[in-house]
Structures are given as structure tokens and as C-alpha cells.
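Participant: Please find one structure pasted underneath; my questions will follow.
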Amino acid sequence: MPDNNRPAVPKRIASAVINSLKGGVVPRIGLPYITVGREVEIDALLHDVDIIADGGASFRFIVGKYGSGKSFLLQTIRAHVMDRGFVVVDADLSPERRLQGTKGQGLATYKELIRNMSTKTRPDGGALTLILDRWISSVQSETAADTGLATDSTEFSKAVEKKIYEVISALNEMVHGFDFAKLLTIYYRSYAAGDDESKAKVVKWFRGEYNTKTEAKNDLGVNIIITDDDWYEYIKLFAAFLTRAGYGGLLVLIDELVNIYKIPNAITRQYNYEKILTMYNDTLQGKAKHLGIIMGGTPQCIEDTRRGVYSYEALRSRLAEGRFGREGVKDMLAPVIHLTPLTYEEMLVLTEKLADIHAGLFGYERVITQEDMVAFIKLEFGRIGAGSHITPREVIRDFIELLDIVYQNPHINISEFIMSENMPSSTSRESTEDEFAEFEI
């Protein structure tokens with residue numbers, strides 16, 4: 001029977017959750033309704049968030065097999081920190097998006113990050129203009145409250161500009177900070193004058209969309225553009241600016257590190273790993289402030305000493321486990337967090353949540369029982385090699401398919417249907433008998 005104590009999931013969110021999971025991708029919304037396990041990992045990452053809010057910085061790798069829950073954990077943290085007033089930027093690496101490149105691949109990653117800039121009020125990205133406008137509006141409100149001046153007076157405009165200058169003057173000492181501050185000033189003056197065209201040009205510059213310095217000079221009077229080589233410096237500038245604009249800090253999420261591992265040219269790979277080293281050193285040495293970076297990858301793309309992150313000795317010596325690291329003992333303070341598989345009990349809790357959401361979405365009384373779900377999980381994990389190869393993504397996808405079939409064919413006897421489909425061999429069942437001995441309802 002459904003758990004009536006669980007909050008009803010709005011159909012818009014339920015639809016996004018079910019359709020995303022069925023398609024093998026992580027939903028952007030509704031994660032709290034399906035979060036199971038990972039409490040230790042989430043607590044460790046939220047501890048980093050406290051450090052970032054206090055002016056520090058952090059760097060973590062989330063390591064797990066395809067479908068093991070890396071992206072799910074990243075999206076869960078993303079939702080948590082936005083609720084705490086942080087700005088989040090995220091990007092998946094690809095052949096066209098790297099950390100360093102000679103043909104715009106590094107800049108392409110920067111563009112993707114800024115395009116996906118999100119806040120609690122704009123969780124789906126595209127929040128840059130909103131952030132800038134909100135900042136100016138808040139400065140104007142503070143100035144009006146502090147001075148009592150008429151908002152249409154010259155004195156008021158000067159007072160606002162003084163406060164704006166106080167915020168951006170602290171950026172001048174950072175690399176490229178002078179030009180960054182100058183562009184913020186241009187944006188404010190355009191905002192005050194109602195000049196949307198100039199505002200759009202500044203936003204275009206911040207997004208890394210100017211191709212030549214000449215074009216930027218003609219449009220904005222700045223003789224600099226964001227490039228493959230220096231885009232990370234602007235991420236640090238954004239982190240510094242955002243905290244002065246009233247946000248808790250900036251969290252950068254970069255997934256699919258395997259795309260660096262796949263780069264055929266060894267020198268190009270090394271340049272990308274060198275960029276990771278720069279970011280890692282900056283965060284640990286205090287050169288970056290109010291900035292958190294989390295990167296996700298597979299064990300192979302991290303630990304392979306021939307092509308992976310560990311092929312760059314300066315990173316391997318910093319990241320590799322020490323002599324006391326071992327199976328089953330987690331060091332959540334280490335820079336690399338290895339995801340362990342969800343337990344059978346956690347998978348049962350997750351299938352119950354999904355069954356309730358599915359029933360709510362399609363408007364029927366849940367008929368699949370806990371016994372049925374236990375049988376389903378035993379079937380999934382009873383496959384040959386499931387212990388080391390099956391992932392939550394596969395189990396979830398199979399379970400949603402089962403729910404869909406049962407919903408569309410109400411005459412089916414669920415217990416018989418589960419046991420009749422893809423019945424594992426007797427050898428496979430016997431090999432997992434001991435593992436499931438304790439897993440009973």
C-alpha cells in the first residue's frame with residue numbers, strides 16, 4: 001500500500017522525475033522526493049559549503065561508475081546550495097568542451113557554465129542578467145533607506161554609484177579585476193539610463209561571446225576578452241563579486257571528466273590536468289575565496305596512471321589514498337569521494353518512493369506490494385555479475401518499466417510476472433542466496 005505519510009508530489013514534478021529516470025538521466029527538479037542514502041557524502045559536501053560561505057574554498061572529485069549516482073549527487077548538492085543562497089554554475093565536458101584547448105574548447109566550457117548560472121529563483125539557468133539587476137536594485141534600495149534622498153535626484157545617483165564602487169573596488173586587485181569592475185560600472189550606468197542595448201553588450205562580454213578584442217573595444221571600451229587560457233580567472237572574479245552582491249558563494253559543478261581521459265593527444269591531456277591542478281591548488285592555498293569546485297568522473301578516468309588524472313604526477317601525489325585507505329572505510333575529508341553502491345535496503349526504499357510517485361502521477365491506487373518490490377530487487381541483483389556491474393540507473397529504469405506495464409495491464413499478477421520475466425539461472429540465484437539472507441521484510 002502507498003505510504004500516506006509521504007507528501008504528495010505535484011504532477012509537474014512527478015512527471016519530470018519519472019520521465020527523466022526512465023530516460024536514464026537525473027531530473028533537475030524533485031530530487032528531495034527520491035533521495036535515498038548518500039547522507040554521509042551529502043553531509044561532507046555541505047560541510048564544504050559552510051567553509052565556502054565563510055570565505056574559504058573547496059575542491060572535490062566525485063568518483064563512481066556510469067549510473068552509480070554521480071550526477072544525482074551533484075544535482076542534489078546543487079539544489080541544497082541554491083536553497084542556501086548560493087549561485088551554481090554547471091557543465092558536462094565533451095569533445096567540444098574541455099578545461100583547456102587551442103580551439104576554444106576551454107572557453108566553450110566557460111560559456112556553458114555561465115549559460116547554466118542558476119539561483120534559487122532561477123534554478124534552470126540563465127540567471128546572469130537577473131543577478132546583475134537584483135544587485136543594482138538592492139544597492140538602490142539600501143541607498144534610499146540610508147540617505148532618504150529622492151530616487152530621481154542627482155545626489156541619489158551619486159550615492160548609489162559610490163556604493164557600487166565600494167563593491168567593485170575590491171575586485172581591482174584580482175587578475176583582470178580592473179576590467180571586470182569597469183564592465184560592472186558600465187552595466188550599472190546602462191541600467192540607470194534604461195539603455196538595454198549597452199546592458200546586453202556587457203552581458204555578452206561576461207558570457208565570453210566576444211571573439212576579438214577590437215570588437216569589445218569598439219562596443220565597450222575594454223581591450224580584453226575572455227579566452228581559453230584565462231577563463232578560470234573570471235570564475236574566481238564572479239565568486240568574489242557574487243558574495244559582495246549578497247549571495248553565499250559560487251559552486252562550480254563539472255561532470256564527465258572521462259572526456260579528458262578520452263583525449264588522444266597526451267600533451268593536450270596534460271594541459272587539461274594542469275588546469276585541474278591550478279584550480280586544486282588555488283582552493284587549498286587560499287588563492288580562491290567563496291568558491292567551491294566539484295568534478296565528477298569514473299574510477300578509470302581518475303585512477304588510470306597512463307591516461308587518467310593520476311597520469312599527472314602532481315595530481316596523483318595529492319589525490320591518491322594514503323596507506324590507511326581501504327575498502328569499507330570512508331575518509332569523507334579526502335579530496336576524492338568514492339561512491340559505494342546503494343544497499344538492498346536503500347534500493348527498496350527508493351522503489352517504494354518511485355511506486356508512490358508513479359501512482360500519484362497516473363492517478364491510481366498503488367497495487368505493487370513491498371513483497372513484490374523485494375522480489376524485483378532480488379531478481380535484479382541476482383543476475384550473474386550484478387554485484388560488480390549493476391548500477392542504480394539500470395535498476396530504476398527497469399522498475400519504472402515494470403510500473404508502466406502493470407499500470408497499462410491491470411490484469412497482470414505482479415508476483416508471477418516478476419518471477420516469470422528474465423528468471424535468473426539457478427547458479428546465479430544460489431550465488432546470491434547468502435547476500436539476500438538478511439534482506440527480508
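By convention here, the chains of the C-alpha cells are called A, B, ... in the order presented, each chain's residues are numbered starting at 1, and ligands are numbered starting at 1 in the order presented.
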Using only C-alpha atoms, I'd like a table of the residues in stretch 62-121 of chain A that come within 6 Å of stretch 219-230 of chain A; for each, show the closest atom pair and its distance in Å rounded to one decimal, ordered by chain and ascending number, as a tab-separated table.
Facilitator:
residue	atom	partner	partner_atom	distance
A:Gly104	CA	A:Asp228	CA	5.7
A:Gly106	CA	A:Asp228	CA	4.7
A:Leu107	CA	A:Asp228	CA	4.7
Participant: Can you write just those residues out, N, CA and C atoms, as a PDB file, in the first residue's frame?
Facilitator:
ATOM      1  N   GLY A 104      39.276  26.886 -28.645  1.00  0.00           N
ATOM      2  CA  GLY A 104      38.088  27.384 -27.956  1.00  0.00           C
ATOM      3  C   GLY A 104      37.389  26.392 -27.056  1.00  0.00           C
ATOM      4  N   GLY A 106      38.234  25.303 -24.019  1.00  0.00           N
ATOM      5  CA  GLY A 106      38.166  25.795 -22.644  1.00  0.00           C
ATOM      6  C   GLY A 106      37.140  26.900 -22.508  1.00  0.00           C
ATOM      7  N   LEU A 107      37.138  27.818 -23.474  1.00  0.00           N
ATOM      8  CA  LEU A 107      36.157  28.902 -23.468  1.00  0.00           C
ATOM      9  C   LEU A 107      34.743  28.356 -23.617  1.00  0.00           C
TER      10      LEU A 107
END
Participant: Just list as an MDAnalysis selection string whatever in stretch 238-317 of chain A DSSP marks as helix (DSSP H, G or I).
Facilitator: chainID A and resid 238:244 258:261 266:285 299:303 309:311 313:317
Participant: Looking at only C-alpha atoms, which of A:Ile260, A:Ala170, A:Val36, A:Ile412 is the one that sits closest to A:Pro95?
Facilitator: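 Of the candidates, the smallest distance to A:Pro95 is held by A:Ile260.
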Participant: Rounded to one decimal, what separation in Å do you get between atom CA of A:Asp83 and atom CA of A:Lys120?
Facilitator: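 Separation of atom CA of A:Asp83 and atom CA of A:Lys120: 5.8 Å.
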Participant: Tell me, in Å to one decimal, how far atom CA of A:Leu149 is from atom CA of A:Leu171.
Facilitator: 28.0 Å
Participant: Can you tell me how far atom CA of A:Val40 sits from atom CA of A:Phe376, in Å to one decimal?
Facilitator: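 Straight-line distance from atom CA of A:Val40 to atom CA of A:Phe376 works out to 26.9 Å.
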